[in-house]
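Presented below is the structure to which this report refers.
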Amino acid sequence: MRKLMSFMKLSLVVILIPAHVGTGAEKRTKIERQTPLVYINTLFENGSPLHWEIQPDGTILISLMYDHERSSLNRASGHWHFQVRAEAGSDLTLVLQNFYNIWNGMPARPANGNTSCYASQDGQNWTSILTERIEDERLRIRIHMESDSLYVARLEPYRVSDLEQLLDTIRDHPLVKIAEIGKTVEGRPLEIVRVGHANAPHRIFIRGRAHAWEPGGNWVIQGLINNALRSDQKSRRLLDTYCLYILPMANKDRVARGGTRFNMRGMDLNRKWDKPADPDLAPENAALEAWLDRMIKRGFKPHLAIDFHNDGGGNLHIARPNVNLESYLANMERFEHLLRKHTWFTEGSTGSNFRNPGSIGGGLLERFGIDAVVYELNANWIEGLQKVPLGRDWELLGRQLHNVFYEYFHRD
Ligand SMILES: [Zn+2]
C-alpha cells in the first residue's frame, strides 16, 4: 500500500510538471508587433535556404545557410535569393548573417563594404540596392515595399528555366546543335551547345556556373550566343573562323535549389581537376572530361577554354601547373590584351605568384593540353563601365567577346 501511495505521489508529480508550466503563462508576454507582418518565402526556383526571425527592434534577421564541401573544412554562403511579403508602403530593415566562409582551407568573407544586392517586384526586372556592412560581419539592407511583394537577391538571377528558355529559342537554328553529355547528381541534363560549324578551323570551349551563386557566366553566354546567331555578314565571318562549344550550367542542381558553391554531393566543380573526376560524386565533371576525351580523339581539341565565375576581384586567373608554360602564357597575354581592347574588361590577370590548385584552368592545360583560363567577373563593380553589374552588362561582354576571339585566331 505504501508502495502504491508513493507511486501515486510520483505520478502526481509527473502530472503536475506540465500543469505547472502551463500555469506559468503569466511569465510569457504576447509578442508585440513592432514591424509590419513579414513573411520570407524561399520555396521557389533558385530561392536560397535560410532561417529568418523578427528581432525585438523590428529588424528581420536572415541567417544564411552554409554549403559544406565534402572531405574538407571549406564552406560557403554567398548566395541569397528570397521573396519578402509585407504590407505595401512599409519600410523594412533586413540584416543578413553567416558570412564566415572557409575557402581553400582559409577564412574568407564574401561580404564586403561594396557587396552588391538586387531587388525586383516581379522577379524579372532587377535594380541594384545598397548594402551596408555592420558589426559581426553582417550586411544591412533597407527596403521599401512598393507592393506587398519584393524579391531580393545577391546578383541578378539566371535560373535553370532561363537557360531552358534560351535553349528553346535557338534549338532549331541550323548553326546550333545541343547534345546531352551526361546528367547532374539529381538527373538534370548537362548539355554542350555547339554554335557554329563543326569544321571551323578553331574551337573554343566555354563553361558557366560551376558555382551556383555566380550567374555572371550565364549572362555572358547568353550575349555571346545571341550575337553569334545574328544573320549578318559579320557573324558569318566570325563563325567561319571558330566554333563555340558551351557547357552553360555545370552545377544546375544547386542553381535550382539556391545553393552557393558545391554540387549535391558536396563537391567543388572547380577543384580536383588535377585528376579524373569521381563519376558518383561529381558526375558533372566526369561527363565533361569524357566529352573532352571524345573531342580530342576525333581531332577536335578546343584551342581555348574559358571558365566563367564571379568574385570580388574581376581578374583572369592564369593557371601555372608544372608543365612548359611558354606558349600558354604568351597566348594568355594576347587574350588579356584583346579583352581590354574589345570589351569593358580592365581588371587584369593574377600575377605569377597566384596559385589555385586543382582549378579547371590548370587541369585542362596539364591533362588535356588546352589553353584554359578562369575569368572571374567582378560581382560588385564593373570598373570599365563604372557601375554595379546587371545581367545586361555581362551580356554586353558576351557580345563583345566575338571580336576578341576573331582577333585571337588571326595572329597577323
Ligand atoms: Zn566560382
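Residue numbers start at 1 in each chain; chains themselves are named A, B, ... in the order of the C-alpha cells; ligands are numbered from 1 in the order shown.
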
What are the nearest atom pairs, with distances in Å to one decimal, for all residues of chain A that come at most 7 Å from ligand 1, using only C-alpha atoms and all ligand atoms, set out by chain and rising residue number as a Markdown table?
| residue | atom | partner | partner_atom_place_in_ligand_line | distance |
| --- | --- | --- | --- | --- |
| A:Ala210 | CA | ligand 1 | 1 (Zn) | 6.5 |
| A:His211 | CA | ligand 1 | 1 (Zn) | 4.9 |
| A:Glu214 | CA | ligand 1 | 1 (Zn) | 6.3 |
| A:His309 | CA | ligand 1 | 1 (Zn) | 4.4 |
| A:Asn310 | CA | ligand 1 | 1 (Zn) | 5.6 |
| A:Asp311 | CA | ligand 1 | 1 (Zn) | 6.8 |

I'd like the neighbourhood of Val84 in chain A as a compact mmCIF listing (two decimals) with C-alpha atoms, in the first residue's frame, where a residue qualifies if any of its atoms comes within 8 Å (using only C-alpha atoms), though same-chain residues fewer than 4 positions away should be ignored.
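Written out: around.txt:
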# COMPACT_ATOMS: atom_id res chain seq x y z
CA VAL A 38 6.53 39.89 -42.70
CA TYR A 39 6.84 36.55 -44.38
CA ILE A 40 10.01 35.42 -46.15
CA ASN A 41 9.40 32.93 -48.95
CA ASP A 148 3.21 43.52 -50.93
CA SER A 149 5.98 41.51 -52.61
CA LEU A 150 9.67 42.13 -53.26
CA TYR A 151 12.34 39.71 -54.42
CA VAL A 152 15.84 40.29 -53.04

Using only C-alpha atoms, what does the table of range 240-349 of chain A residues within 12 Å of range 164-178 of chain A look like, with each row giving the shortest atom pair and its distance in Å to one decimal, sorted by chain and ascending number, as a tab-separated table?
residue	atom	partner	partner_atom	distance
A:Asp240	CA	A:Leu175	CA	11.2
A:Cys243	CA	A:Leu175	CA	9.6
A:Leu244	CA	A:Val176	CA	9.6
A:Tyr245	CA	A:Lys177	CA	9.4
A:Ile246	CA	A:Ile178	CA	9.4
A:Leu247	CA	A:Ile178	CA	9.9
A:Pro248	CA	A:Leu167	CA	10.0
A:Met249	CA	A:Glu164	CA	10.5
A:Lys252	CA	A:Glu164	CA	11.2

Practice task
From the DSSP assignment of the backbone, select every residue of range 52-228 of chain A that is helix (DSSP H, G or I), and format the answer as a list in words.
Solution key: Val160, Ser161, Asp162, Leu163, Glu164, Gln165, Leu166, Leu167, Asp168, Thr169, Ile170, Gly216, Gly217, Asn218, Trp219, Val220, Ile221, Gln222, Gly223, Leu224, Ile225, Asn226, Asn227 and Ala228 of chain A

Practice task
Show which residues sit within 10 Å of Leu269 in chain A, as a list in words. Count only C-alpha atoms, and ignore same-chain residues fewer than 3 positions away.
Solution key: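 My reading of the contact set: Arg209, Ala210, His211, Ala250, Asn251, Arg261, Phe262, Asn263, Gly266, Lys272, Trp273, Ala277, Ala282, Pro283, Glu284, Asn285, Gly358, Ser359 and Ile360 of chain A.
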
Writer output for current selection, all heavy atoms, as a compact mmCIF listing (two decimals), in the first residue's frame:
# COMPACT_ATOMS: atom_id res chain seq x y z
N ARG A 209 28.85 28.59 -64.63
CA ARG A 209 28.07 28.19 -63.46
C ARG A 209 28.56 26.91 -62.78
O ARG A 209 27.74 26.09 -62.36
CB ARG A 209 26.62 28.03 -63.89
CG ARG A 209 25.58 28.46 -62.84
CD ARG A 209 25.72 29.89 -62.43
NE ARG A 209 24.75 30.31 -61.47
CZ ARG A 209 23.50 30.72 -61.73
NH1 ARG A 209 23.07 30.76 -62.98
NH2 ARG A 209 22.70 31.11 -60.77
N ALA A 210 29.88 26.74 -62.66
CA ALA A 210 30.39 25.65 -61.82
C ALA A 210 29.96 25.91 -60.38
O ALA A 210 29.71 24.99 -59.61
CB ALA A 210 31.90 25.58 -61.92
N HIS A 211 29.90 27.20 -60.02
CA HIS A 211 29.48 27.60 -58.67
C HIS A 211 28.12 28.28 -58.77
O HIS A 211 27.95 29.24 -59.51
CB HIS A 211 30.52 28.55 -58.06
CG HIS A 211 31.85 27.88 -57.87
ND1 HIS A 211 33.04 28.55 -57.99
CD2 HIS A 211 32.14 26.59 -57.56
CE1 HIS A 211 34.03 27.69 -57.74
NE2 HIS A 211 33.51 26.50 -57.50
N ALA A 250 27.00 24.13 -65.31
CA ALA A 250 27.55 22.86 -64.83
C ALA A 250 26.88 22.41 -63.53
O ALA A 250 26.65 21.23 -63.33
CB ALA A 250 29.06 23.00 -64.61
N ASN A 251 26.56 23.36 -62.66
CA ASN A 251 26.03 23.00 -61.33
C ASN A 251 24.53 23.29 -61.25
O ASN A 251 24.04 23.98 -60.36
CB ASN A 251 26.79 23.80 -60.27
CG ASN A 251 26.67 23.20 -58.88
OD1 ASN A 251 25.91 22.26 -58.65
ND2 ASN A 251 27.40 23.76 -57.93
N ARG A 261 27.81 27.06 -53.59
CA ARG A 261 29.05 26.68 -54.28
C ARG A 261 29.10 25.22 -54.75
O ARG A 261 29.30 24.95 -55.92
CB ARG A 261 30.25 26.96 -53.37
CG ARG A 261 31.59 26.80 -54.06
CD ARG A 261 32.75 27.24 -53.20
NE ARG A 261 34.02 26.99 -53.85
CZ ARG A 261 34.73 27.92 -54.50
NH1 ARG A 261 34.30 29.15 -54.56
NH2 ARG A 261 35.87 27.60 -55.08
N PHE A 262 28.90 24.28 -53.82
CA PHE A 262 29.22 22.88 -54.12
C PHE A 262 28.05 22.16 -54.80
O PHE A 262 26.93 22.65 -54.77
CB PHE A 262 29.64 22.17 -52.83
CG PHE A 262 30.70 22.94 -52.08
CD1 PHE A 262 30.43 23.55 -50.87
CD2 PHE A 262 31.96 23.11 -52.64
CE1 PHE A 262 31.40 24.29 -50.20
CE2 PHE A 262 32.94 23.85 -51.99
CZ PHE A 262 32.66 24.45 -50.77
N ASN A 263 28.34 20.99 -55.39
CA ASN A 263 27.25 20.25 -56.03
C ASN A 263 26.47 19.46 -54.97
O ASN A 263 26.72 19.61 -53.78
CB ASN A 263 27.79 19.36 -57.17
CG ASN A 263 28.38 18.04 -56.68
OD1 ASN A 263 28.62 17.84 -55.48
ND2 ASN A 263 28.62 17.12 -57.59
N GLY A 266 28.44 17.68 -52.34
CA GLY A 266 29.48 18.42 -51.62
C GLY A 266 30.78 18.58 -52.38
O GLY A 266 31.82 18.84 -51.77
N LYS A 272 40.00 19.75 -57.85
CA LYS A 272 40.39 18.36 -58.12
C LYS A 272 40.50 18.08 -59.63
O LYS A 272 40.32 16.94 -60.09
CB LYS A 272 39.43 17.36 -57.45
CG LYS A 272 39.43 17.44 -55.91
CD LYS A 272 38.64 16.28 -55.32
CE LYS A 272 38.88 16.08 -53.84
NZ LYS A 272 38.51 17.21 -52.98
N TRP A 273 40.79 19.13 -60.40
CA TRP A 273 40.96 18.93 -61.84
C TRP A 273 42.32 18.35 -62.20
O TRP A 273 42.61 18.10 -63.37
CB TRP A 273 40.72 20.24 -62.59
CG TRP A 273 39.26 20.44 -62.90
CD1 TRP A 273 38.35 21.10 -62.13
CD2 TRP A 273 38.55 19.94 -64.03
NE1 TRP A 273 37.11 21.04 -62.72
CE2 TRP A 273 37.20 20.34 -63.89
CE3 TRP A 273 38.91 19.19 -65.15
CZ2 TRP A 273 36.23 20.01 -64.83
CZ3 TRP A 273 37.95 18.87 -66.09
CH2 TRP A 273 36.61 19.29 -65.92
N ALA A 277 37.72 12.95 -62.50
CA ALA A 277 36.62 13.18 -61.55
C ALA A 277 35.98 11.85 -61.15
O ALA A 277 35.94 10.91 -61.94
CB ALA A 277 35.57 14.08 -62.19
N ALA A 282 31.01 13.58 -58.54
CA ALA A 282 31.00 14.76 -59.43
C ALA A 282 30.70 14.36 -60.86
O ALA A 282 31.53 14.50 -61.76
CB ALA A 282 32.34 15.51 -59.35
N PRO A 283 29.48 13.82 -61.11
CA PRO A 283 29.15 13.39 -62.48
C PRO A 283 29.22 14.54 -63.48
O PRO A 283 29.45 14.33 -64.67
CB PRO A 283 27.72 12.84 -62.34
CG PRO A 283 27.17 13.45 -61.10
CD PRO A 283 28.34 13.65 -60.18
N GLU A 284 29.03 15.78 -62.98
CA GLU A 284 29.07 16.95 -63.85
C GLU A 284 30.47 17.10 -64.48
O GLU A 284 30.60 17.46 -65.64
CB GLU A 284 28.72 18.22 -63.07
CG GLU A 284 27.31 18.22 -62.45
CD GLU A 284 27.23 17.56 -61.07
OE1 GLU A 284 28.26 17.03 -60.60
OE2 GLU A 284 26.13 17.58 -60.47
N ASN A 285 31.52 16.82 -63.68
CA ASN A 285 32.88 16.91 -64.20
C ASN A 285 33.28 15.67 -64.98
O ASN A 285 33.98 15.76 -65.99
CB ASN A 285 33.88 17.15 -63.06
CG ASN A 285 33.88 18.60 -62.59
OD1 ASN A 285 33.12 19.42 -63.11
ND2 ASN A 285 34.71 18.91 -61.61
N GLY A 358 44.24 22.70 -58.45
CA GLY A 358 43.10 21.85 -58.79
C GLY A 358 42.00 22.56 -59.54
O GLY A 358 40.98 21.96 -59.87
N SER A 359 42.18 23.85 -59.85
CA SER A 359 41.12 24.55 -60.58
C SER A 359 41.15 24.12 -62.05
O SER A 359 42.14 23.56 -62.54
CB SER A 359 41.24 26.06 -60.37
OG SER A 359 41.46 26.72 -61.57
N ILE A 360 40.07 24.37 -62.77
CA ILE A 360 39.91 23.80 -64.12
C ILE A 360 40.97 24.33 -65.10
O ILE A 360 41.39 23.61 -66.00
CB ILE A 360 38.48 24.04 -64.66
CG1 ILE A 360 38.23 23.23 -65.93
CG2 ILE A 360 38.22 25.51 -64.86
CD1 ILE A 360 36.80 23.24 -66.41

Exercise for the section: Have a look at A:Glu289, A:Glu407, A:Asp268, A:Asp57 and name the one nearest to Arg70 in chain A; count only C-alpha atoms. Expected result: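 Looking only at the distances to Arg70 in chain A, the closest residue turns out to be A:Asp268.
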
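Distances from A:Leu365, A:Leu281, A:Leu139, A:Ala119 to Phe99 in chain A were compared using only C-alpha atoms, and the smallest one belongs to A:Leu139.
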
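The interatomic distance for the pair CA of Glu347 in chain A and CA of Val160 in chain A works out to 28.9 Å.
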
Handout entry: Neighbour list for Arg340 in chain A as a PyMOL selection string, cut-off 12 Å, only C-alpha atoms, skip fewer than 3 positions in-chain
Key = chain A and resi 315-316+333-337+343-349+383-384+397+400-401+403-404

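Residue nearest Phe354 in chain A, chosen from A:Ala111, A:Ile318, A:Leu339, A:Ile141 and counting only C-alpha atoms: A:Ile318.
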
Exercise for the section: Pick out the closest residue to Gly362 in chain A from this set: A:Gly182, A:Pro321, A:Gly187, A:Gly196. Count only C-alpha atoms. Expected result: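 Going through A:Gly182, A:Pro321, A:Gly187, A:Gly196 one by one, the smallest distance to Gly362 in chain A is for A:Pro321.
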
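Shortest separation to Phe409 in chain A among A:Trp103, A:Ser147, A:Ile134, A:Ile204 occurs at residue A:Ile204, atoms counted being only C-alpha atoms.
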
Those in range 200-296 of chain A with strand (DSSP E) from DSSP, as a PDB file with C-alpha atoms, in the first residue's frame:
ATOM      1  CA  HIS A 202      39.340  26.833 -84.427  1.00  0.00           C
ATOM      2  CA  ARG A 203      37.336  25.722 -81.417  1.00  0.00           C
ATOM      3  CA  ILE A 204      36.536  27.445 -78.129  1.00  0.00           C
ATOM      4  CA  PHE A 205      35.155  25.663 -75.087  1.00  0.00           C
ATOM      5  CA  ILE A 206      33.233  27.703 -72.511  1.00  0.00           C
ATOM      6  CA  ARG A 207      31.822  26.582 -69.170  1.00  0.00           C
ATOM      7  CA  TYR A 242      35.792  29.459 -84.841  1.00  0.00           C
ATOM      8  CA  CYS A 243      33.136  27.195 -83.435  1.00  0.00           C
ATOM      9  CA  LEU A 244      31.831  27.538 -79.877  1.00  0.00           C
ATOM     10  CA  TYR A 245      31.202  24.577 -77.573  1.00  0.00           C
ATOM     11  CA  ILE A 246      29.420  25.688 -74.431  1.00  0.00           C
ATOM     12  CA  LEU A 247      28.516  23.859 -71.220  1.00  0.00           C
TER      13      LEU A 247
END

Handout entry: 9 Å contact set for Leu329 in chain A, only C-alpha atoms, chain neighbours under 2 positions out, as a PyMOL selection string
Key = chain A and resi 318-320+325-327+331-334+371

Keeping only C-alpha atoms, write those residues as a PDB file, in the first residue's frame.
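To be explicit, this is the file written out as result_22.pdb:
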ATOM      1  CA  ILE A 318      46.155  32.312 -65.202  1.00  0.00           C
ATOM      2  CA  ALA A 319      46.980  28.679 -64.395  1.00  0.00           C
ATOM      3  CA  ARG A 320      50.517  27.652 -63.629  1.00  0.00           C
ATOM      4  CA  LEU A 325      54.084  27.312 -69.850  1.00  0.00           C
ATOM      5  CA  GLU A 326      55.829  29.346 -72.523  1.00  0.00           C
ATOM      6  CA  SER A 327      53.249  29.302 -75.317  1.00  0.00           C
ATOM      7  CA  ASN A 331      48.593  33.201 -75.532  1.00  0.00           C
ATOM      8  CA  MET A 332      47.032  34.347 -72.260  1.00  0.00           C
ATOM      9  CA  GLU A 333      48.828  37.664 -72.542  1.00  0.00           C
ATOM     10  CA  ARG A 334      47.362  38.118 -76.022  1.00  0.00           C
ATOM     11  CA  ASP A 371      44.946  26.716 -73.123  1.00  0.00           C
TER      12      ASP A 371
END
